[in-house]
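What follows is a short report on a single structure.
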Amino acid sequence: MRRPHLVVLALTLGLIAAVAVPGCSCNSRPGEVPECIGGTDLDGDRYGTGCPAGPDCNDFDPGINTDCCASGIYQGCPCDSTIDSQIPCFDGPPDKSGTLPCQRGVRSCNPAVNLWDACIGQVLPQDEVCNGSDDNCDGSADEGVMSTCGNCLPGCDDTGVDTDPFPCMAQNPAIECDGVGTDPNGDLVLDSSTIENHYLWIANDPEGTVTKIDTRTGREIARYATVTHTRVVDHVGRAFAAWNSGAHRPSRTAVDFYGDVWIANRAPSTQPTITKIANDTVDCIDANTSGTIETSRDLNADGRIDIATAEFLAEADECILMTVAIGAQNSWQARALAIDAGNAVQGQDNPGNVWVGMYGEQAFYQINGSTGALMQRVPAVGSFATALGVNVNPYGAAIDGQGRLWSIGGCCGSQYLLRIDTTLNPAPAARMTQQSPGGAYGITVDLMDRVWVGAYTGPNVYRYTPATDAWATVTIPNSSGWITRGVGIDTRGNVWAALHGGPNSRLARVDASSATSTGLWDVGGNVAIGAGVDFDGDVWAVNQSTSSTSRIHIDTVTGEPAPHATTGNIVDTFPTGPNPYTYSDFTGLGLRTVTRPSGEYLVPIQGCTGNEQATWTEVTWTATEPPGTEVEIFVRAGDDLATLNQAPIFGPWTVSPANLTLPPGPVPPARYLLLIIRMTSQDRESTPIVHSYNVEWSCPGDVPG
């Protein structure tokens with residue numbers, strides 16, 4: 001199994017960033033300022049981020065704190081853009097700048113304000129952590145932080161966390177905090193600021209490919225064909241065309257719990273299919289047993305994939321996990337795609353199952369997210385027209401926190417809204433709400449399980465509240481002549497909508513609670529199809545006509561658009577494949593904040609020294625579990641650290657202590673154990689709190705007592 005990537009909650013502890021603005025006062029002596037309590041003071045002068053005395057413009061030199069410009073050139077110091085351009089810079093101790101991994105950066109004079117910008121590209125010394133690197137740039141690696149095994153893994157004695165804070169990746173890169181973090185007491189809580197998944201997946205309609213973009217750099221890092229004929233799960237007995245036939249016309253993408261993506265091929269004149277592609281090469285398939293994974297990569301590092309070169313492997317790509325042939329061969333079929341919370345099965349992965357809506361067939365299929373097996377068809381026989389007495393052609397889908405699938409019943413005028421309970425098999429008969437007020441295109445569900453629909457007929461967004469069976473209409477101001485297409489949510493209580501109609505694409509922000517428009521931005525590109533939010537909170541538009549995607553950078557503290565730390569721009573635009581056409585949950589944020597709110601803490605443990613196998617006996621833990629929350633313990637055991645996250649999984653244990661020698665074990669003897677603490681919350685407001693854990697084992701030759 002792959003790493004259980006990134007599970008998120010809207011519940012976030014928040015990131016606090018302080019910006020040092022050089023003042024004109026003289027430096028103060030430490031004795032004349034209050035002690036730094038509750039802040040970060042690296043050089044002992046009582047100034048620093050969060051300190052009562054204020055920020056420190058150079059926290060590596062105790063002689064400089066509030067007036068850096070008197071001592072050198074720092075961010076915010078005056079410059080003359082007609083004379084000054086760029087200079088080397090390093091904001092750390094000068095003697096560290098030449099010791100790798102520390103390095104100098106470049107500081108530029110900003111001509112708009114004639115002030116020096118931040119130092120870009122520098123690498124400053126950090127606290128030493130166990131990772132094989134000289135983090136503090138003192139010439140030695142991992143001094144004082146290795147385990148008793150002589151490596152970076154916990155273990156070779158007993159291991160656990162009691163009164164000390166839970167370490168995360170910043171303290172030990174071997175430990176994964178996916179959707180979890182620590183509270184002020186150092187205990188483990190759900191926290192969406194620790195998400196690792198920084199990719200978005202956009203289907204390139206006419207080319208029959210899907211683009212994978214790094215959301216932090218905007219670079220296209222891979223491109224894949226949207227079908228494979230090598231690994232096929234066939235539910236229909238009909239052939240489908242090659243990837244380059246132009247027959248597949250992919251559109252909707254959906255990212256599962258582990259970061260893998262599913263793509264729906266609409267197939268206007270051939271067999272419809274859905275295809276799964278691995279996010280991490282550890283989950284790809286070495287089909288030709290060459291010992292390496294042959295997959296798409298940006299080999300020349302130019303930020304985009306050239307499909308005429310070895311950067312693109314078409315159907316030979318070993319990260320295309322499977323293609324599932326499903327549904328009737330009618331016109332423009334697979335037009336709705338969503339992933340549910342999954343079905344927990346002992347010893348199996350749980351990435352979430354796929355729901356694909358067939359437009360012409362008027363039916364949904366539930367597909368097992370791990371195997372591609374058919375789980376059910378809704379309605380069981382016939383179409384929605386026969387089952388409900390109303391024509392319902394699925395055009396998009398989103399699943400809420402109660403497991404209800406919501407689908408638009410067509411495009412693009414006033415349409416019905418369809419509901420299916422994904423938690424049951426067979427699912428009960430789908431039920432209709434009232435018609436949407438007018439127009440329907442993209443669909444999403446917010447943090448309060450309210451359904452949002454983009455109106456193709458004008459600059460409107462519609463909100464449906466299931467609890468009250470009521471609709472609300474939001475009209476985007478200053479957008480006469482524009483139309484709303486895709487919609488997506490963020491974790492701050494906003495809905496974002498893509499609009500097109502003028503020379504540029506636009507993104508509009510709507511407050512989900514008050515149903516009011518709170519902002520409108522031109523983002524470049526043209527014909528905005530989709531809107532989505534990544535795990536850093538930045539907002540993306542998919543620009544169909546200009547074959548690009550645009551990003552609005554959102555400040556993590558204020559929640560407002562702000563210059564990006566790397567590019568210096570509020571809006572950046574990046575190339576995709578030709579004519580991208582995606583407006584579903586193409587980052588996976590909806591799944592991890594609404595459909596399946598949970599997080600995992602993963603610790604690889606070495607039991608015995610050398611190659612000895614440990615006998616794993618017990619896990620104990622203490623936790624506070626408010627109503628609607630839960631803590632579960634899972635483990636994997638194996639002798640190869642590189643494949644430990646693919647070993648068989650045992651669990652869950654829900655009551656401490658977990659006896660690993662009894663069901664749902666026994667856990668076999670092995671050199672390593674992967675401890676997984678899974679935390680869930682159903683209301684996305686409460687969080688379980690894990691206060692401590694301890695793992696016990698024995699080694700050959702141990703003396704009892």
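Each chain of the structure tokens is named A, B, ... in the order shown, its residues numbered from 1; ligands are numbered from 1 in display order.
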
From a DSSP calculation on the backbone, collect every residue of stretch 214-352 of chain A in helix (DSSP H, G or I) and output the set as a PyMOL selection string.
chain A and resi 243-245+281-283+314-316

Expected file contents, prior selection, C-alpha atoms, as a compact mmCIF listing (two decimals), in the first residue's frame:
```
# COMPACT_ATOMS: atom_id res chain seq x y z
CA TRP A 243 -5.53 6.64 -26.25
CA ASN A 244 -4.55 8.64 -29.35
CA SER A 245 -7.70 7.91 -31.33
CA THR A 281 5.83 5.87 -7.91
CA VAL A 282 5.93 3.46 -4.96
CA ASP A 283 2.42 2.40 -6.04
CA ALA A 314 1.40 6.89 -23.46
CA GLU A 315 -0.16 3.50 -22.60
CA ALA A 316 3.27 2.06 -21.66
```

What's the 12 Å shell around A:Gly403, counting only C-alpha atoms, without same-chain residues fewer than 5 positions away, as a list of chain:residue names?
A:Ala338, A:Ile339, A:Asp340, A:Ala341, A:Gly342, A:Asn343, A:Gly352, A:Asn353, A:Trp355, A:Ala398, A:Arg419, A:Ile420, A:Asp421, A:Thr422, A:Thr423, A:Leu424, A:Ala427, A:Val445, A:Asp449, A:Leu591, A:Val594, A:Thr595, A:Arg596, A:Pro597, A:Gln682

Using only C-alpha atoms, which residues sit within 7 Å of A:Arg104 once same-chain residues fewer than 4 positions away are excluded, as a ChimeraX atom specification?
/A:88-90,97,122-123

For the residues in that selection, give me N, CA and C atoms as a short mmCIF file (atom, residue, chain, number, x, y, z; two decimals), in the first residue's frame.
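This is the output file result-v5.cif:
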```cif
data_model
loop_
_atom_site.label_atom_id
_atom_site.label_comp_id
_atom_site.auth_asym_id
_atom_site.auth_seq_id
_atom_site.Cartn_x
_atom_site.Cartn_y
_atom_site.Cartn_z
N PRO A 88 23.86 39.59 -3.96
CA PRO A 88 23.81 38.36 -3.16
C PRO A 88 23.34 38.68 -1.75
N CYS A 89 22.71 37.72 -1.10
CA CYS A 89 22.20 37.97 0.26
C CYS A 89 22.20 36.69 1.06
N PHE A 90 22.25 36.85 2.38
CA PHE A 90 22.15 35.73 3.32
C PHE A 90 21.75 36.30 4.66
N SER A 97 27.14 30.64 5.53
CA SER A 97 26.63 30.77 4.16
C SER A 97 27.33 29.87 3.16
N GLN A 122 17.77 31.71 -0.77
CA GLN A 122 18.72 31.40 0.29
C GLN A 122 18.26 30.17 1.08
N VAL A 123 19.20 29.44 1.64
CA VAL A 123 18.91 28.33 2.55
C VAL A 123 19.59 28.64 3.87
#
```

In Å, with one decimal, what is the gap from atom CA of A:Glu220 to atom CA of A:Ala278?
15.8 Å

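Compared by their closest atoms to A:Ile367, and using only C-alpha atoms, the residues A:His235, A:Ala328, A:Cys57, A:Met448 rank with A:His235 nearest.
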
Kindly give the distance, in Å, that separates atom CA of A:Thr518 and atom CA of A:Val453, rounded to a single decimal.
17.3 Å

Counting only C-alpha atoms, which residues of stretch 417-487 of chain A sit at most 12 Å from some atom of stretch 250-268 of chain A, and what is each one's closest atom pair with its distance in Å to one decimal, listed by chain and rising residue number, as CSV?
```
residue,atom,partner,partner_atom,distance
A:Gly442,CA,A:Arg252,CA,10.5
A:Ile443,CA,A:Arg252,CA,11.6
A:Gly486,CA,A:Arg252,CA,11.1
```

With C-alpha atoms retained, export the selected residues as a compact mmCIF listing (two decimals), in the first residue's frame.
```txt
# COMPACT_ATOMS: atom_id res chain seq x y z
CA GLY A 442 -20.30 22.66 -11.87
CA ILE A 443 -21.17 21.28 -8.43
CA GLY A 486 -17.07 25.23 -12.21
```

Name the residues of stretch 425-613 of chain A that come out as strand (DSSP E) in a backbone DSSP run; write them as a ChimeraX atom specification.
/A:431-432,443-445,451-454,460-465,470-475,483-489,494-500,505-511,516-524,528-533,539-543,548-552,571-575,598-606

Those same residues, written as a PDB file, in the first residue's frame with C-alpha atoms?
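Writing the result to again-v2.pdb gives the following:
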```
ATOM      1  CA  ARG A 431     -34.657  11.150  -4.694  1.00  0.00           C
ATOM      2  CA  MET A 432     -35.189  14.517  -6.324  1.00  0.00           C
ATOM      3  CA  ILE A 443     -21.175  21.276  -8.434  1.00  0.00           C
ATOM      4  CA  THR A 444     -19.511  21.132  -4.995  1.00  0.00           C
ATOM      5  CA  VAL A 445     -20.453  20.634  -1.328  1.00  0.00           C
ATOM      6  CA  VAL A 451     -24.726  21.991  -2.215  1.00  0.00           C
ATOM      7  CA  TRP A 452     -23.442  24.669  -4.620  1.00  0.00           C
ATOM      8  CA  VAL A 453     -24.133  24.821  -8.341  1.00  0.00           C
ATOM      9  CA  GLY A 454     -22.608  27.106 -10.963  1.00  0.00           C
ATOM     10  CA  ASN A 460     -24.949  33.318 -10.646  1.00  0.00           C
ATOM     11  CA  VAL A 461     -24.138  30.645  -8.080  1.00  0.00           C
ATOM     12  CA  TYR A 462     -26.920  28.665  -6.392  1.00  0.00           C
ATOM     13  CA  ARG A 463     -26.862  27.196  -2.887  1.00  0.00           C
ATOM     14  CA  TYR A 464     -29.124  24.324  -1.842  1.00  0.00           C
ATOM     15  CA  THR A 465     -29.460  23.598   1.896  1.00  0.00           C
ATOM     16  CA  ALA A 470     -34.196  25.757   0.420  1.00  0.00           C
ATOM     17  CA  TRP A 471     -32.356  27.462  -2.442  1.00  0.00           C
ATOM     18  CA  ALA A 472     -30.431  30.751  -2.355  1.00  0.00           C
ATOM     19  CA  THR A 473     -29.078  32.734  -5.295  1.00  0.00           C
ATOM     20  CA  VAL A 474     -25.808  34.678  -5.368  1.00  0.00           C
ATOM     21  CA  THR A 475     -25.278  37.053  -8.293  1.00  0.00           C
ATOM     22  CA  ILE A 483     -21.417  32.944 -17.101  1.00  0.00           C
ATOM     23  CA  THR A 484     -20.473  30.762 -14.150  1.00  0.00           C
ATOM     24  CA  ARG A 485     -18.929  27.352 -14.796  1.00  0.00           C
ATOM     25  CA  GLY A 486     -17.066  25.235 -12.207  1.00  0.00           C
ATOM     26  CA  VAL A 487     -17.211  25.747  -8.419  1.00  0.00           C
ATOM     27  CA  GLY A 488     -14.963  24.646  -5.547  1.00  0.00           C
ATOM     28  CA  ILE A 489     -14.542  25.210  -1.805  1.00  0.00           C
ATOM     29  CA  ASN A 494     -15.718  30.221   0.962  1.00  0.00           C
ATOM     30  CA  VAL A 495     -16.951  28.946  -2.388  1.00  0.00           C
ATOM     31  CA  TRP A 496     -14.963  29.881  -5.510  1.00  0.00           C
ATOM     32  CA  ALA A 497     -16.540  30.073  -8.949  1.00  0.00           C
ATOM     33  CA  ALA A 498     -14.963  30.203 -12.420  1.00  0.00           C
ATOM     34  CA  LEU A 499     -16.476  32.713 -14.851  1.00  0.00           C
ATOM     35  CA  HIS A 500     -15.918  33.358 -18.540  1.00  0.00           C
ATOM     36  CA  SER A 505     -10.861  34.300 -16.994  1.00  0.00           C
ATOM     37  CA  ARG A 506     -12.284  35.321 -13.650  1.00  0.00           C
ATOM     38  CA  LEU A 507     -12.539  33.776 -10.198  1.00  0.00           C
ATOM     39  CA  ALA A 508     -15.279  34.934  -7.826  1.00  0.00           C
ATOM     40  CA  ARG A 509     -15.377  34.348  -4.065  1.00  0.00           C
ATOM     41  CA  VAL A 510     -18.628  33.766  -2.180  1.00  0.00           C
ATOM     42  CA  ASP A 511     -19.129  33.537   1.585  1.00  0.00           C
ATOM     43  CA  THR A 516     -22.849  36.879  -0.516  1.00  0.00           C
ATOM     44  CA  SER A 517     -20.181  37.747  -3.056  1.00  0.00           C
ATOM     45  CA  THR A 518     -16.934  38.890  -1.391  1.00  0.00           C
ATOM     46  CA  GLY A 519     -14.505  39.359  -4.277  1.00  0.00           C
ATOM     47  CA  LEU A 520     -13.832  39.082  -8.000  1.00  0.00           C
ATOM     48  CA  TRP A 521     -10.434  38.729  -9.694  1.00  0.00           C
ATOM     49  CA  ASP A 522      -9.241  38.635 -13.303  1.00  0.00           C
ATOM     50  CA  VAL A 523      -6.739  35.791 -13.563  1.00  0.00           C
ATOM     51  CA  GLY A 524      -5.545  35.847 -17.164  1.00  0.00           C
ATOM     52  CA  ALA A 528     -12.414  29.564 -17.282  1.00  0.00           C
ATOM     53  CA  ILE A 529     -13.978  26.097 -16.985  1.00  0.00           C
ATOM     54  CA  GLY A 530     -13.036  24.892 -13.512  1.00  0.00           C
ATOM     55  CA  ALA A 531     -12.298  26.343 -10.073  1.00  0.00           C
ATOM     56  CA  GLY A 532     -10.431  24.490  -7.342  1.00  0.00           C
ATOM     57  CA  VAL A 533      -8.391  25.067  -4.180  1.00  0.00           C
ATOM     58  CA  VAL A 539      -7.137  29.033  -5.790  1.00  0.00           C
ATOM     59  CA  TRP A 540      -6.905  27.727  -9.377  1.00  0.00           C
ATOM     60  CA  ALA A 541      -8.812  28.331 -12.606  1.00  0.00           C
ATOM     61  CA  VAL A 542      -8.684  25.974 -15.601  1.00  0.00           C
ATOM     62  CA  ASN A 543      -8.497  28.030 -18.815  1.00  0.00           C
ATOM     63  CA  SER A 548      -3.392  27.062 -19.168  1.00  0.00           C
ATOM     64  CA  THR A 549      -4.216  27.187 -15.501  1.00  0.00           C
ATOM     65  CA  SER A 550      -4.121  30.305 -13.311  1.00  0.00           C
ATOM     66  CA  ARG A 551      -3.348  30.520  -9.596  1.00  0.00           C
ATOM     67  CA  ILE A 552      -4.371  33.176  -7.089  1.00  0.00           C
ATOM     68  CA  VAL A 571      -1.759  35.756 -10.008  1.00  0.00           C
ATOM     69  CA  ASP A 572       0.444  33.352 -11.970  1.00  0.00           C
ATOM     70  CA  THR A 573      -0.504  31.435 -15.110  1.00  0.00           C
ATOM     71  CA  PHE A 574       1.063  28.119 -16.172  1.00  0.00           C
ATOM     72  CA  PRO A 575       0.729  25.969 -19.319  1.00  0.00           C
ATOM     73  CA  SER A 598      -9.633  12.340   9.099  1.00  0.00           C
ATOM     74  CA  GLY A 599      -5.886  12.294   9.654  1.00  0.00           C
ATOM     75  CA  GLU A 600      -3.091   9.807  10.312  1.00  0.00           C
ATOM     76  CA  TYR A 601       0.143   9.757  12.327  1.00  0.00           C
ATOM     77  CA  LEU A 602       2.630   7.226  10.943  1.00  0.00           C
ATOM     78  CA  VAL A 603       5.761   6.093  12.821  1.00  0.00           C
ATOM     79  CA  PRO A 604       8.199   3.459  11.431  1.00  0.00           C
ATOM     80  CA  ILE A 605       9.829   1.644  14.373  1.00  0.00           C
ATOM     81  CA  GLN A 606      12.916  -0.598  14.441  1.00  0.00           C
TER      82      GLN A 606
END
```

When distances are computed from only C-alpha atoms, which of A:Gly44, A:Gly98, A:Gly303, A:Pro657 shows the smallest separation from A:Asn694?
A:Pro657

All residues 8 Å or closer to A:Thr275, only C-alpha atoms, same chain fewer than 5 positions away omitted, as a list of chain:residue names
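Using only C-alpha atoms, the neighbours found are A:Thr226, A:Val227, A:Thr228, A:Trp262, A:Ile263, A:Ala264, A:Ile320, A:Leu321, A:Met322, A:Thr323, A:Val324.
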
A:Gly237 surroundings by only C-alpha atoms, 12 Å radius, close-in-sequence under 5 positions cut, as a PyMOL selection string
chain A and resi 232+271+324-329

A:Ile307, A:Met358, A:Ala623, A:Val233: which is nearest A:Ala373, counting only C-alpha atoms?
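Distance minimum relative to A:Ala373 lands on A:Val233.
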
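Atom CA of A:Gly588 is positioned 21.4 Å from atom CA of A:Arg249.
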
Can you pull out every residue within 9 Å of A:Glu632, counting only C-alpha atoms, but drop anything in the same chain fewer than 6 positions away, and send it as a PyMOL selection string?
chain A and resi 651-655+676-680

Could you dump the residues just selected with N, CA and C atoms as a short mmCIF file (atom, residue, chain, number, x, y, z; two decimals), in the first residue's frame?
```cif
data_model
loop_
_atom_site.label_atom_id
_atom_site.label_comp_id
_atom_site.auth_asym_id
_atom_site.auth_seq_id
_atom_site.Cartn_x
_atom_site.Cartn_y
_atom_site.Cartn_z
N GLY A 651 -5.62 -4.33 12.00
CA GLY A 651 -6.40 -3.36 12.76
C GLY A 651 -7.82 -3.29 12.22
N PRO A 652 -8.66 -2.43 12.75
CA PRO A 652 -8.28 -1.46 13.79
C PRO A 652 -8.46 -2.00 15.20
N TRP A 653 -7.63 -1.46 16.11
CA TRP A 653 -7.86 -1.57 17.54
C TRP A 653 -8.40 -0.22 18.01
N THR A 654 -9.46 -0.23 18.77
CA THR A 654 -10.09 1.02 19.21
C THR A 654 -10.06 1.22 20.72
N VAL A 655 -9.63 0.18 21.46
CA VAL A 655 -9.56 0.28 22.92
C VAL A 655 -8.15 -0.10 23.35
N ILE A 676 0.27 3.21 12.88
CA ILE A 676 -0.63 4.18 12.26
C ILE A 676 -1.70 4.54 13.28
N ILE A 677 -1.71 5.80 13.70
CA ILE A 677 -2.77 6.32 14.57
C ILE A 677 -3.72 7.10 13.69
N ARG A 678 -4.91 6.58 13.50
CA ARG A 678 -5.90 7.23 12.63
C ARG A 678 -6.93 7.96 13.49
N MET A 679 -7.18 9.22 13.16
CA MET A 679 -8.10 10.06 13.91
C MET A 679 -9.19 10.55 12.97
N THR A 680 -10.44 10.51 13.40
CA THR A 680 -11.55 10.93 12.56
C THR A 680 -12.48 11.85 13.34
#
```
